[in-house]
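What follows is a set of notes on a single structure, which appears directly below.
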Amino acid sequence: MLFKTTSKIKEYAEFTEINFASISLTIRQVEEGELVPIIGTALYDSLNTVYTAAADESTLTASEKSLLDKCRMLIAPYVSFYYAPKSEILLSDSGPRRSESANVKTAYGYQVVNFREQKLREAEKAAESLILFLEQNKTDYPLWTVSDEFKNYRSLFIKTGSEFDLYFRSASPQRNYFAWRYKMLDVEEQIIRQKLGDDLFDHLKTIDASASPVFTAPEKLLLVKLKKTIAYFTVCFALPFHSVRIDANGITIIAANSTVTNKDQEPRQPANNSAINQIITSAEKSAQVWLQNAIDFIENNISDFPDYPVPVSNVAPLADQSGSTVYGLI
């Protein structure tokens with residue numbers, strides 16, 4: 001684990017009173033479930049080994065200290081998020097019990113909900129901050145750039161919730177990004193690849209997936225257009241599934257009279273089908289416009305994209321000396 005003492009985790013998690021032994025299991029679960037999928041098993045094991053062996057954190061290298069700090073910024077709010085529901089009761093041979101004294105009262109349900117929501121937002125921001133830190137310091141952490149986790153992170157053109165928010169704004173971009181990521185893969189493979197052709201699509205993908213991608217100026221402009229297309233198509237295809245949950249209870253939606261969801265400042269209710277369909281239709285139209293914009297850009301700058309297949313509209317029939325019809329660029 002990347003924490004050893006109660007005092008150290010208090011610096012990051014804002015605990016007032018906590019028994020380190022009580023939360024150690026939650027720390028381990030967070031590190032395995034939330035941290036390792038970002039930095040990779042090899043880098044985590046390396047950092048954990050040197051940290052565990054160090055008698056004092058001052059003996060760590062500067063790069064190890066920086067990474068440890070970024071990891072802790074992610075771990076601590078996630079621990080608060082996951083541990084809060086468990087801390088509300090005491091479990092013993094006599095069954096679950098609620099602890100309360102004359103001076104210290106158990107928090108109201110809405111307070112716990114708001115607390116967990118805030119901690120989740122902090123954790124999501126910390127996760128993206130960690131990714132940005134690793135991106136900016138790739139040479140210091142080669143174990144990250146050769147990991148499967150790095151390849152998975154680099155597998156899509158839009159790589160984080162914050163980046164997705166640049167192309168389509170939403171109230172919780174990090175959560176939406178991970179909820180919609182599987183649809184982004186569909187969009188890239190079924191729409192973008194089909195429109196660009198395998199050669200150009202694979203060319204862009206190969207560069208984008210490398211540890212230090214270098215694009216030409218036209219390729220950078222094209223990627224902006226493609227990312228706008230991907231974002232809008234993703235919303236269009238993912239939105240119908242967004243309010244639906246498939247679990248042991250079957251297929252369910254949010255109840256209209258729900259009192260357990262976070263309502264922010266004002267009460268809200270699930271959008272009706274008309275509102276959802278309007279967003280889907282609008283997103284699809286925007287996606288089609290941006291996709292055509294991207295294709296027009298390629299065809300108007302065809303020399304900058306030699307891997308793009310020559311469009312049929314740019315080919316005109318010519319007659320050679322034998323009288324046979326051949327084709328040449330207009």
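If you're wondering about the labels, chains in the structure tokens are A, B, ... by order shown, residues count from 1 in each chain, ligands from 1 in order shown.
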
Residues within 8 Å of segment 295-301 of chain A, only C-alpha atoms, excluding chain neighbours under 4 positions, as a PDB file with N, CA and C atoms, in the first residue's frame:
```pdb
ATOM      1  N   LYS A 195     -15.059   5.775 -43.361  1.00  0.00           N
ATOM      2  CA  LYS A 195     -14.992   7.018 -44.125  1.00  0.00           C
ATOM      3  C   LYS A 195     -13.550   7.372 -44.526  1.00  0.00           C
ATOM      4  N   LEU A 196     -12.598   7.103 -43.651  1.00  0.00           N
ATOM      5  CA  LEU A 196     -11.210   7.463 -43.949  1.00  0.00           C
ATOM      6  C   LEU A 196     -10.503   6.418 -44.800  1.00  0.00           C
ATOM      7  N   LEU A 222      -7.199  17.839 -38.797  1.00  0.00           N
ATOM      8  CA  LEU A 222      -8.134  16.763 -39.101  1.00  0.00           C
ATOM      9  C   LEU A 222      -8.592  16.065 -37.830  1.00  0.00           C
ATOM     10  N   LEU A 291     -18.402  15.294 -39.701  1.00  0.00           N
ATOM     11  CA  LEU A 291     -17.798  14.242 -40.518  1.00  0.00           C
ATOM     12  C   LEU A 291     -17.601  14.718 -41.955  1.00  0.00           C
ATOM     13  N   PHE A 305      -2.557  14.031 -47.328  1.00  0.00           N
ATOM     14  CA  PHE A 305      -3.073  12.756 -46.827  1.00  0.00           C
ATOM     15  C   PHE A 305      -2.925  11.676 -47.908  1.00  0.00           C
ATOM     16  N   TYR A 308      -5.073   8.457 -48.001  1.00  0.00           N
ATOM     17  CA  TYR A 308      -6.517   8.510 -48.216  1.00  0.00           C
ATOM     18  C   TYR A 308      -6.846   7.994 -49.608  1.00  0.00           C
ATOM     19  N   PRO A 311     -11.169   9.633 -53.880  1.00  0.00           N
ATOM     20  CA  PRO A 311     -12.622   9.544 -53.959  1.00  0.00           C
ATOM     21  C   PRO A 311     -13.106   9.431 -55.401  1.00  0.00           C
TER      22      PRO A 311
END
```

Compile the contact shell of Ser80 of chain A as a PyMOL selection string: residues with an atom at most 12 Å away, counting only C-alpha atoms, same-chain residues fewer than 3 positions apart removed. chain A and resi 9-10+12-16+18+23-24+26-27+30+73-77+83-87+112-113+115-123

Any chance you could list, as an MDAnalysis selection string, the residues in segment 2-221 of chain A that come up strand (DSSP E) when DSSP is run on the backbone? chainID A and resid 90:92 95:97

Expected file contents, prior selection, C-alpha atoms, as a short mmCIF file (atom, residue, chain, number, x, y, z; two decimals), in the first residue's frame:
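result11.cif, written as the output of this step:
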```
data_model
loop_
_atom_site.label_atom_id
_atom_site.label_comp_id
_atom_site.auth_asym_id
_atom_site.auth_seq_id
_atom_site.Cartn_x
_atom_site.Cartn_y
_atom_site.Cartn_z
CA LEU A 90 -20.46 -1.26 13.29
CA LEU A 91 -20.58 -4.98 12.52
CA SER A 92 -20.16 -7.49 15.31
CA GLY A 95 -25.25 -7.76 14.13
CA PRO A 96 -25.00 -4.29 12.55
CA ARG A 97 -25.11 -1.35 14.97
#
```

Which residue, A:Ser162, A:Gln29, A:Ser147, A:Thr41, has the smallest gap to Ala127 of chain A when you use only C-alpha atoms?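 Under the stated criterion, the closest residue is A:Ser162.
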